[in-house]
file entry-v9.cif (mmCIF, C-alpha atoms; chains and numbers go by the auth columns)
data_upload
loop_
_atom_site.group_PDB
_atom_site.id
_atom_site.type_symbol
_atom_site.label_atom_id
_atom_site.label_comp_id
_atom_site.label_asym_id
_atom_site.label_seq_id
_atom_site.Cartn_x
_atom_site.Cartn_y
_atom_site.Cartn_z
_atom_site.B_iso_or_equiv
_atom_site.auth_seq_id
_atom_site.auth_asym_id
ATOM 1 C CA MET A 1 3.366 -65.786 -32.861 0.00 19 A
ATOM 2 C CA SER A 2 6.683 -65.403 -31.146 0.00 20 A
ATOM 3 C CA THR A 3 8.065 -61.955 -30.725 0.00 21 A
ATOM 4 C CA ASP A 4 11.631 -63.214 -30.472 0.00 22 A
ATOM 5 C CA ASN A 5 13.934 -61.590 -33.045 0.00 23 A
ATOM 6 C CA THR A 6 15.958 -64.812 -33.641 0.00 24 A
ATOM 7 C CA ASP A 7 15.312 -66.321 -37.115 0.00 25 A
ATOM 8 C CA PHE A 8 15.303 -69.999 -38.084 0.00 26 A
ATOM 9 C CA THR A 9 19.101 -69.991 -38.593 0.00 27 A
ATOM 10 C CA GLY A 10 19.673 -69.023 -34.997 0.00 28 A
ATOM 11 C CA ARG A 11 21.027 -65.542 -35.808 0.00 29 A
ATOM 12 C CA GLN A 12 19.716 -62.381 -34.175 0.00 30 A
ATOM 13 C CA ASN A 13 17.462 -60.376 -36.497 0.00 31 A
ATOM 14 C CA ASP A 14 17.715 -56.569 -36.013 0.00 32 A
ATOM 15 C CA THR A 15 14.415 -55.936 -37.772 0.00 33 A
ATOM 16 C CA GLN A 16 11.690 -55.092 -35.282 0.00 34 A
ATOM 17 C CA ALA A 17 8.315 -56.739 -35.517 0.00 35 A
ATOM 18 C CA PRO A 18 5.460 -54.442 -36.580 0.00 36 A
ATOM 19 C CA LEU A 19 4.051 -52.189 -33.844 0.00 37 A
ATOM 20 C CA THR A 20 6.728 -53.295 -31.387 0.00 38 A
ATOM 21 C CA PHE A 21 7.376 -49.658 -30.398 0.00 39 A
ATOM 22 C CA LEU A 22 3.814 -49.450 -29.038 0.00 40 A
ATOM 23 C CA LYS A 23 4.610 -51.914 -26.277 0.00 41 A
ATOM 24 C CA PRO A 24 4.754 -50.346 -22.829 0.00 42 A
ATOM 25 C CA LEU A 25 8.249 -49.119 -22.006 0.00 43 A
ATOM 26 C CA PRO A 26 9.824 -50.300 -18.777 0.00 44 A
ATOM 27 C CA GLU A 27 9.513 -47.527 -16.240 0.00 45 A
ATOM 28 C CA THR A 28 12.191 -48.746 -13.866 0.00 46 A
ATOM 29 C CA ALA A 29 14.858 -49.764 -16.349 0.00 47 A
ATOM 30 C CA PRO A 30 17.592 -47.171 -16.804 0.00 48 A
ATOM 31 C CA ALA A 31 17.835 -45.980 -20.394 0.00 49 A
ATOM 32 C CA GLY A 32 21.614 -46.428 -20.448 0.00 50 A
ATOM 33 C CA GLN A 33 21.411 -50.116 -19.532 0.00 51 A
ATOM 34 C CA ASP A 34 18.554 -51.302 -21.746 0.00 52 A
ATOM 35 C CA PRO A 35 19.259 -51.361 -25.532 0.00 53 A
ATOM 36 C CA LEU A 36 15.667 -52.389 -26.265 0.00 54 A
ATOM 37 C CA PHE A 37 14.392 -49.297 -24.425 0.00 55 A
ATOM 38 C CA ILE A 38 16.640 -47.011 -26.495 0.00 56 A
ATOM 39 C CA LEU A 39 15.570 -48.705 -29.734 0.00 57 A
ATOM 40 C CA ARG A 40 11.864 -48.323 -28.947 0.00 58 A
ATOM 41 C CA LEU A 41 12.348 -44.703 -27.959 0.00 59 A
ATOM 42 C CA ARG A 42 14.163 -43.873 -31.174 0.00 60 A
ATOM 43 C CA THR A 43 11.463 -45.557 -33.222 0.00 61 A
ATOM 44 C CA ALA A 44 8.701 -43.609 -31.454 0.00 62 A
ATOM 45 C CA LEU A 45 10.561 -40.319 -31.899 0.00 63 A
ATOM 46 C CA ARG A 46 11.042 -40.977 -35.593 0.00 64 A
ATOM 47 C CA ARG A 47 7.316 -41.658 -35.992 0.00 65 A
ATOM 48 C CA TRP A 48 6.301 -38.481 -34.132 0.00 66 A
ATOM 49 C CA TYR A 49 8.888 -36.402 -36.013 0.00 67 A
ATOM 50 C CA GLY A 50 7.513 -37.656 -39.308 0.00 68 A
ATOM 51 C CA ILE A 51 4.021 -36.565 -38.247 0.00 69 A
ATOM 52 C CA ALA A 52 4.958 -33.202 -36.685 0.00 70 A
ATOM 53 C CA ARG A 53 7.452 -32.033 -39.305 0.00 71 A
ATOM 54 C CA PRO A 54 4.957 -31.153 -42.053 0.00 72 A
ATOM 55 C CA VAL A 55 2.562 -29.538 -39.552 0.00 73 A
ATOM 56 C CA VAL A 56 5.238 -27.337 -37.948 0.00 74 A
ATOM 57 C CA GLY A 57 6.753 -26.539 -41.326 0.00 75 A
ATOM 58 C CA GLN A 58 3.410 -25.412 -42.700 0.00 76 A
ATOM 59 C CA TRP A 59 2.775 -23.266 -39.614 0.00 77 A
ATOM 60 C CA LEU A 60 6.169 -21.578 -39.942 0.00 78 A
ATOM 61 C CA GLU A 61 5.579 -20.930 -43.650 0.00 79 A
ATOM 62 C CA GLU A 62 2.237 -19.277 -42.860 0.00 80 A
ATOM 63 C CA ARG A 63 3.840 -17.030 -40.234 0.00 81 A
ATOM 64 C CA ALA A 64 6.597 -16.087 -42.677 0.00 82 A
ATOM 65 C CA ASP A 65 3.902 -15.179 -45.243 0.00 83 A
ATOM 66 C CA ASP A 66 2.243 -12.976 -42.611 0.00 84 A
ATOM 67 C CA LEU A 67 5.520 -11.125 -42.019 0.00 85 A
ATOM 68 C CA ARG A 68 6.085 -10.632 -45.746 0.00 86 A
ATOM 69 C CA ASP A 69 2.547 -9.322 -46.162 0.00 87 A
ATOM 70 C CA ALA A 70 3.068 -6.923 -43.255 0.00 88 A
ATOM 71 C CA PHE A 71 6.125 -5.366 -44.937 0.00 89 A
ATOM 72 C CA ARG A 72 4.413 -5.364 -48.331 0.00 90 A
ATOM 73 C CA ASN A 73 0.902 -4.095 -47.455 0.00 91 A
ATOM 74 C CA GLY A 74 1.557 -1.861 -44.454 0.00 92 A
ATOM 75 C CA TRP A 75 0.278 -1.730 -40.890 0.00 93 A
ATOM 76 C CA ASP A 76 -3.447 -1.554 -41.687 0.00 94 A
ATOM 77 C CA ASP A 77 -3.462 -4.939 -43.443 0.00 95 A
ATOM 78 C CA THR A 78 -1.109 -6.616 -40.983 0.00 96 A
ATOM 79 C CA THR A 79 -2.258 -9.810 -39.289 0.00 97 A
ATOM 80 C CA THR A 80 -3.672 -9.459 -35.792 0.00 98 A
ATOM 81 C CA TRP A 81 -0.985 -11.558 -34.097 0.00 99 A
ATOM 82 C CA ILE A 82 1.758 -9.274 -35.466 0.00 100 A
ATOM 83 C CA LYS A 83 -0.099 -6.161 -34.292 0.00 101 A
ATOM 84 C CA ALA A 84 -0.604 -7.694 -30.861 0.00 102 A
ATOM 85 C CA THR A 85 3.072 -8.711 -30.579 0.00 103 A
ATOM 86 C CA VAL A 86 4.391 -5.316 -31.687 0.00 104 A
ATOM 87 C CA SER A 87 1.932 -3.441 -29.440 0.00 105 A
ATOM 88 C CA ALA A 88 2.760 -5.579 -26.403 0.00 106 A
ATOM 89 C CA THR A 89 6.509 -5.144 -26.983 0.00 107 A
ATOM 90 C CA PHE A 90 6.097 -1.388 -27.377 0.00 108 A
ATOM 91 C CA LEU A 91 3.994 -1.098 -24.225 0.00 109 A
ATOM 92 C CA LEU A 92 6.474 -3.142 -22.221 0.00 110 A
ATOM 93 C CA ALA A 93 9.341 -0.952 -23.453 0.00 111 A
ATOM 94 C CA VAL A 94 7.435 2.242 -22.607 0.00 112 A
ATOM 95 C CA ALA A 95 6.540 0.853 -19.180 0.00 113 A
ATOM 96 C CA ALA A 96 10.171 -0.057 -18.500 0.00 114 A
ATOM 97 C CA VAL A 97 11.392 3.411 -19.533 0.00 115 A
ATOM 98 C CA ALA A 98 8.636 5.073 -17.487 0.00 116 A
ATOM 99 C CA VAL A 99 9.525 3.047 -14.400 0.00 117 A
ATOM 100 C CA MET A 100 13.205 3.973 -14.764 0.00 118 A
ATOM 101 C CA CYS A 101 12.348 7.673 -15.234 0.00 119 A
ATOM 102 C CA LEU A 102 10.028 7.659 -12.231 0.00 120 A
ATOM 103 C CA ALA A 103 12.669 5.940 -10.127 0.00 121 A
ATOM 104 C CA LEU A 104 15.236 8.543 -11.208 0.00 122 A
ATOM 105 C CA LEU A 105 12.838 11.420 -10.486 0.00 123 A
ATOM 106 C CA ALA A 106 11.924 9.950 -7.117 0.00 124 A
ATOM 107 C CA SER A 107 15.589 9.537 -6.217 0.00 125 A
ATOM 108 C CA SER A 108 16.346 13.110 -7.317 0.00 126 A
ATOM 109 C CA ALA A 109 13.378 14.448 -5.336 0.00 127 A
ATOM 110 C CA VAL A 110 14.511 12.619 -2.215 0.00 128 A
ATOM 111 C CA ASP A 111 18.040 13.974 -2.631 0.00 129 A
ATOM 112 C CA GLY A 112 16.646 17.486 -3.121 0.00 130 A
ATOM 113 C CA VAL A 113 14.463 17.241 -0.043 0.00 131 A
ATOM 114 C CA ASN A 114 17.361 15.938 2.018 0.00 132 A
ATOM 115 C CA ALA A 115 19.557 18.765 0.777 0.00 133 A
ATOM 116 C CA LEU A 116 16.928 21.347 1.613 0.00 134 A
ATOM 117 C CA ALA A 117 16.093 19.816 4.975 0.00 135 A
ATOM 118 C CA GLY A 118 19.055 21.476 6.654 0.00 136 A
ATOM 119 C CA LEU A 119 18.688 24.807 4.844 0.00 137 A
ATOM 120 C CA ASP A 120 18.770 27.788 7.166 0.00 138 A
ATOM 121 C CA VAL A 121 16.151 30.144 5.756 0.00 139 A
ATOM 122 C CA PRO A 122 16.827 33.814 6.570 0.00 140 A
ATOM 123 C CA ALA A 123 14.056 35.571 8.457 0.00 141 A
ATOM 124 C CA GLY A 124 13.272 39.291 8.410 0.00 142 A
ATOM 125 C CA SER A 125 16.289 41.560 8.310 0.00 143 A
ATOM 126 C CA ASP A 126 18.676 38.615 8.025 0.00 144 A
ATOM 127 C CA GLY A 127 17.799 38.341 4.343 0.00 145 A
ATOM 128 C CA ARG A 128 19.097 40.668 1.658 0.00 146 A
ATOM 129 C CA THR A 129 15.713 42.396 1.230 0.00 147 A
ATOM 130 C CA GLY A 130 13.457 40.335 3.454 0.00 148 A
ATOM 131 C CA LEU A 131 10.933 39.790 0.614 0.00 149 A
ATOM 132 C CA LEU A 132 11.724 36.107 0.169 0.00 150 A
ATOM 133 C CA ALA A 133 11.782 35.508 3.920 0.00 151 A
ATOM 134 C CA SER A 134 8.360 37.200 4.207 0.00 152 A
ATOM 135 C CA VAL A 135 6.973 34.233 2.255 0.00 153 A
ATOM 136 C CA THR A 136 9.221 31.339 3.227 0.00 154 A
ATOM 137 C CA SER A 137 9.478 32.065 6.933 0.00 155 A
ATOM 138 C CA PRO A 138 5.686 31.962 7.581 0.00 156 A
ATOM 139 C CA VAL A 139 5.455 28.775 5.550 0.00 157 A
ATOM 140 C CA GLN A 140 8.216 27.204 7.619 0.00 158 A
ATOM 141 C CA THR A 141 6.570 28.361 10.837 0.00 159 A
ATOM 142 C CA TYR A 142 3.219 26.930 9.752 0.00 160 A
ATOM 143 C CA LEU A 143 4.761 23.577 8.856 0.00 161 A
ATOM 144 C CA GLU A 144 6.675 23.354 12.114 0.00 162 A
ATOM 145 C CA SER A 145 3.508 23.901 14.131 0.00 163 A
ATOM 146 C CA HIS A 146 1.304 21.530 12.103 0.00 164 A
ATOM 147 C CA THR A 147 3.535 18.502 11.472 0.00 165 A
ATOM 148 C CA ALA A 148 3.677 17.354 15.085 0.00 166 A
ATOM 149 C CA GLY A 149 2.592 13.727 15.280 0.00 167 A
ATOM 150 C CA LEU A 150 2.943 13.167 11.515 0.00 168 A
ATOM 151 C CA ALA A 151 5.331 10.734 9.872 0.00 169 A
ATOM 152 C CA ILE A 152 6.890 13.565 7.874 0.00 170 A
ATOM 153 C CA SER A 153 9.154 16.099 9.542 0.00 171 A
ATOM 154 C CA ALA A 154 8.837 19.859 9.153 0.00 172 A
ATOM 155 C CA PRO A 155 12.112 20.261 7.182 0.00 173 A
ATOM 156 C CA THR A 156 11.071 17.492 4.775 0.00 174 A
ATOM 157 C CA ALA A 157 7.636 19.076 4.293 0.00 175 A
ATOM 158 C CA TYR A 158 9.299 22.440 3.708 0.00 176 A
ATOM 159 C CA GLY A 159 11.635 20.972 1.084 0.00 177 A
ATOM 160 C CA THR A 160 8.705 19.225 -0.583 0.00 178 A
ATOM 161 C CA TRP A 161 6.822 22.538 -0.794 0.00 179 A
ATOM 162 C CA ILE A 162 9.794 24.179 -2.519 0.00 180 A
ATOM 163 C CA LEU A 163 10.199 21.314 -4.981 0.00 181 A
ATOM 164 C CA THR A 164 6.460 21.305 -5.707 0.00 182 A
ATOM 165 C CA ALA A 165 6.430 25.032 -6.448 0.00 183 A
ATOM 166 C CA LEU A 166 9.426 24.712 -8.765 0.00 184 A
ATOM 167 C CA ALA A 167 8.124 21.585 -10.510 0.00 185 A
ATOM 168 C CA THR A 168 4.592 22.839 -11.131 0.00 186 A
ATOM 169 C CA GLY A 169 5.880 26.208 -12.368 0.00 187 A
ATOM 170 C CA LEU A 170 8.327 24.620 -14.791 0.00 188 A
ATOM 171 C CA LEU A 171 5.804 22.048 -16.030 0.00 189 A
ATOM 172 C CA SER A 172 3.175 24.729 -16.529 0.00 190 A
ATOM 173 C CA PHE A 173 5.651 26.807 -18.525 0.00 191 A
ATOM 174 C CA ALA A 174 7.006 23.911 -20.604 0.00 192 A
ATOM 175 C CA THR A 175 3.867 21.892 -21.319 0.00 193 A
ATOM 176 C CA ARG A 176 1.069 24.487 -21.058 0.00 194 A
ATOM 177 C CA ALA A 177 -1.106 21.565 -19.967 0.00 195 A
ATOM 178 C CA PHE A 178 -4.289 22.126 -17.980 0.00 196 A
ATOM 179 C CA GLY A 179 -3.203 19.736 -15.231 0.00 197 A
ATOM 180 C CA ALA A 180 0.128 21.497 -14.728 0.00 198 A
ATOM 181 C CA ARG A 181 -1.566 24.904 -14.595 0.00 199 A
ATOM 182 C CA LEU A 182 -4.152 23.595 -12.158 0.00 200 A
ATOM 183 C CA ALA A 183 -1.357 22.217 -9.947 0.00 201 A
ATOM 184 C CA TRP A 184 0.460 25.569 -10.114 0.00 202 A
ATOM 185 C CA GLY A 185 -2.686 27.415 -9.030 0.00 203 A
ATOM 186 C CA ALA A 186 -3.308 24.935 -6.196 0.00 204 A
ATOM 187 C CA THR A 187 0.284 25.382 -5.010 0.00 205 A
ATOM 188 C CA GLY A 188 -0.182 29.158 -4.956 0.00 206 A
ATOM 189 C CA ALA A 189 -3.435 28.855 -2.993 0.00 207 A
ATOM 190 C CA ALA A 190 -1.823 26.471 -0.478 0.00 208 A
ATOM 191 C CA THR A 191 1.125 28.825 -0.098 0.00 209 A
ATOM 192 C CA GLY A 192 -1.169 31.768 0.579 0.00 210 A
ATOM 193 C CA TRP A 193 -3.036 29.717 3.192 0.00 211 A
ATOM 194 C CA MET A 194 0.170 28.737 4.990 0.00 212 A
ATOM 195 C CA VAL A 195 1.549 32.293 4.852 0.00 213 A
ATOM 196 C CA TRP A 196 -1.662 33.732 6.306 0.00 214 A
ATOM 197 C CA HIS A 197 -1.740 31.293 9.216 0.00 215 A
ATOM 198 C CA GLY A 198 2.031 31.183 9.791 0.00 216 A
ATOM 199 C CA ALA A 199 2.811 34.895 9.720 0.00 217 A
ATOM 200 C CA PRO A 200 2.613 37.056 12.851 0.00 218 A
ATOM 201 C CA ALA A 201 -0.815 38.557 13.469 0.00 219 A
ATOM 202 C CA ASP A 202 0.422 42.112 12.944 0.00 220 A
ATOM 203 C CA GLY A 203 2.034 41.397 9.571 0.00 221 A
ATOM 204 C CA ARG A 204 -0.044 38.632 7.999 0.00 222 A
ATOM 205 C CA GLU A 205 -1.785 41.015 5.559 0.00 223 A
ATOM 206 C CA VAL A 206 1.562 42.290 4.277 0.00 224 A
ATOM 207 C CA ALA A 207 2.994 38.747 4.066 0.00 225 A
ATOM 208 C CA LEU A 208 -0.049 37.528 2.145 0.00 226 A
ATOM 209 C CA GLY A 209 0.128 40.537 -0.186 0.00 227 A
ATOM 210 C CA ILE A 210 3.786 39.861 -0.956 0.00 228 A
ATOM 211 C CA THR A 211 2.930 36.206 -1.602 0.00 229 A
ATOM 212 C CA VAL A 212 0.127 37.110 -4.029 0.00 230 A
ATOM 213 C CA ILE A 213 2.383 39.552 -5.889 0.00 231 A
ATOM 214 C CA ALA A 214 5.169 36.977 -6.109 0.00 232 A
ATOM 215 C CA PHE A 215 2.880 34.271 -7.523 0.00 233 A
ATOM 216 C CA ALA A 216 1.258 36.774 -9.878 0.00 234 A
ATOM 217 C CA LEU A 217 4.632 37.704 -11.353 0.00 235 A
ATOM 218 C CA LEU A 218 5.713 34.075 -11.575 0.00 236 A
ATOM 219 C CA SER A 219 2.412 33.184 -13.239 0.00 237 A
ATOM 220 C CA ILE A 220 3.240 35.398 -16.250 0.00 238 A
ATOM 221 C CA PRO A 221 5.718 32.838 -17.658 0.00 239 A
ATOM 222 C CA ALA A 222 4.035 29.854 -16.025 0.00 240 A
ATOM 223 C CA LEU A 223 0.649 30.597 -17.629 0.00 241 A
ATOM 224 C CA ARG A 224 1.976 31.745 -20.979 0.00 242 A
ATOM 225 C CA GLY A 225 -0.477 31.283 -23.790 0.00 243 A
ATOM 226 C CA PHE A 226 -3.417 30.991 -21.398 0.00 244 A
ATOM 227 C CA ARG A 227 -6.602 32.504 -22.826 0.00 245 A
ATOM 228 C CA ILE A 228 -10.108 32.686 -21.479 0.00 246 A
ATOM 229 C CA ARG A 229 -12.607 31.377 -23.999 0.00 247 A
ATOM 230 C CA GLY A 230 -14.267 34.197 -25.904 0.00 248 A
ATOM 231 C CA TYR A 231 -11.366 36.654 -25.425 0.00 249 A
#
call {"tool": "encode", "arguments": {"input": "entry-v9.cif", "output": "C-alpha cells"}}
result
Amino acid sequence: MSTDNTDFTGRQNDTQAPLTFLKPLPETAPAGQDPLFILRLRTALRRWYGIARPVVGQWLEERADDLRDAFRNGWDDTTTWIKATVSATFLLAVAAVAVMCLALLASSAVDGVNALAGLDVPAGSDGRTGLLASVTSPVQTYLESHTAGLAISAPTAYGTWILTALATGLLSFATRAFGARLAWGATGAATGWMVWHGAPADGREVALGITVIAFALLSIPALRGFRIRGY
C-alpha cells in the first residue's frame, strides 16, 4: 500500500495514514525546513499529552488532598512527604541562620582580638591599683615566652584569652548551662596556671591568690543558681 498522501483526484490529502507518526524521524533534517518532521512531532506530542494528562492530573489532585488533610487533621496525621518537606526546609533555614551567626561571631571575635592585640597592659604601679595587672601581666608574660614558634602571636593569644574569659562568664550567667559553667571553670584553671608560671618567683603566690579571689568573686554571678545535689 502506498504511503503517498495524494488521492485518486491528484489532490494532496492532509490526513495522515495510521501510525505514520511512529516512523523514524530524520535526525539530520532541520526542524524548520521539514514540514513532515514538524507534523510528526506535533502528532507524537499530542498522543503523549493525552496519555500523561490524566496521570499528572490525578497525582496533583492527590497531593492537594494531602495538603487539605494536613490543615484539617493537624501535624500528627499529616502525610510523610509533607513532614519531610517541612522538616527539611526548617533545617535548611536553621542551618543558614546558624552559619550567618557563626560568621558574624567569628568576624566580631577577630576584630576584638585585633583591637586588643595592640593594647598596652599596665604592669605593677603603672595601674590604678595594680590588682588587674597582677593577673594580666603574668598571663601576658607567660604567653610571650610560650608562643615562640607557634602560628599564633602572643598579642593574639592574649586577646583570645580575654575574649574567652568574657564569653564563658557571660554564657554561664545567661544560660546556666553545664557546658558554659565547665568552660568558665576551665578558663579559671588555665588562668591560674599561666599566672603561677608567668609571675616573678618572689610574688607568684600573691599573684595566684589575687587570681583565685578575682575568679571566686566573678563566679558568684557566673554560677548563679548552681546547687550541689543533696543540698
call {"tool": "atom_distance", "arguments": {"input": "entry-v9.cif", "atom1": "atom CA of A:Leu184", "atom2": "atom CA of A:Trp202"}}
result
9.1 Å
call {"tool": "residues_around", "arguments": {"input": "entry-v9.cif", "residues": "stretch 236-240 of chain A", "least_positions_apart": "4", "cutoff": "10 Å", "atoms": "only C-alpha atoms", "output": "list in words"}}
result
Thr186, Gly187, Leu188, Leu189, Ser190, Phe191, Ala192, Thr193, Arg194, Ala198, Arg199, Trp202, Gly203, Gly206, Val230, Ile231, Ala232 and Phe244 of chain A
call {"tool": "atom_distance", "arguments": {"input": "entry-v9.cif", "atom1": "atom CA of A:Thr97", "atom2": "atom CA of A:Ala82"}}
result
11.4 Å
call {"tool": "resolve_selection", "arguments": {"input": "entry-v9.cif", "expression": "the PyMOL selection byres ((chain A and resi 154) around 12)", "output": "ChimeraX atom specification"}}
result
/A:137-142,145,148-153,155-161,176-177,179-180,183,209-210,212-214,216-217,225-226,228-229,232
call {"tool": "atom_distance", "arguments": {"input": "entry-v9.cif", "atom1": "atom CA of A:Thr174", "atom2": "atom CA of A:Leu235"}}
result
26.6 Å
call {"tool": "axis_aligned_box", "arguments": {"input": "entry-v9.cif", "around": "stretch 73-76 of chain A", "padding_each_side": "3 Å", "output": "AutoDock Vina command-line options"}}
result
--center_x 4.7 --center_y -27.5 --center_z -40.3 --size_x 10.2 --size_y 10.1 --size_z 10.8
call {"tool": "closest_residue", "arguments": {"input": "entry-v9.cif", "among": "A:His164, A:Arg65, A:Pro72, A:Arg58", "to": "A:His215", "atoms": "all atoms listed in the file"}}
result
A:His164
call {"tool": "resolve_selection", "arguments": {"input": "entry-v9.cif", "expression": "the PyMOL selection byres ((chain A and resi 100-104) around 12)", "output": "count of residues only"}}
result
24
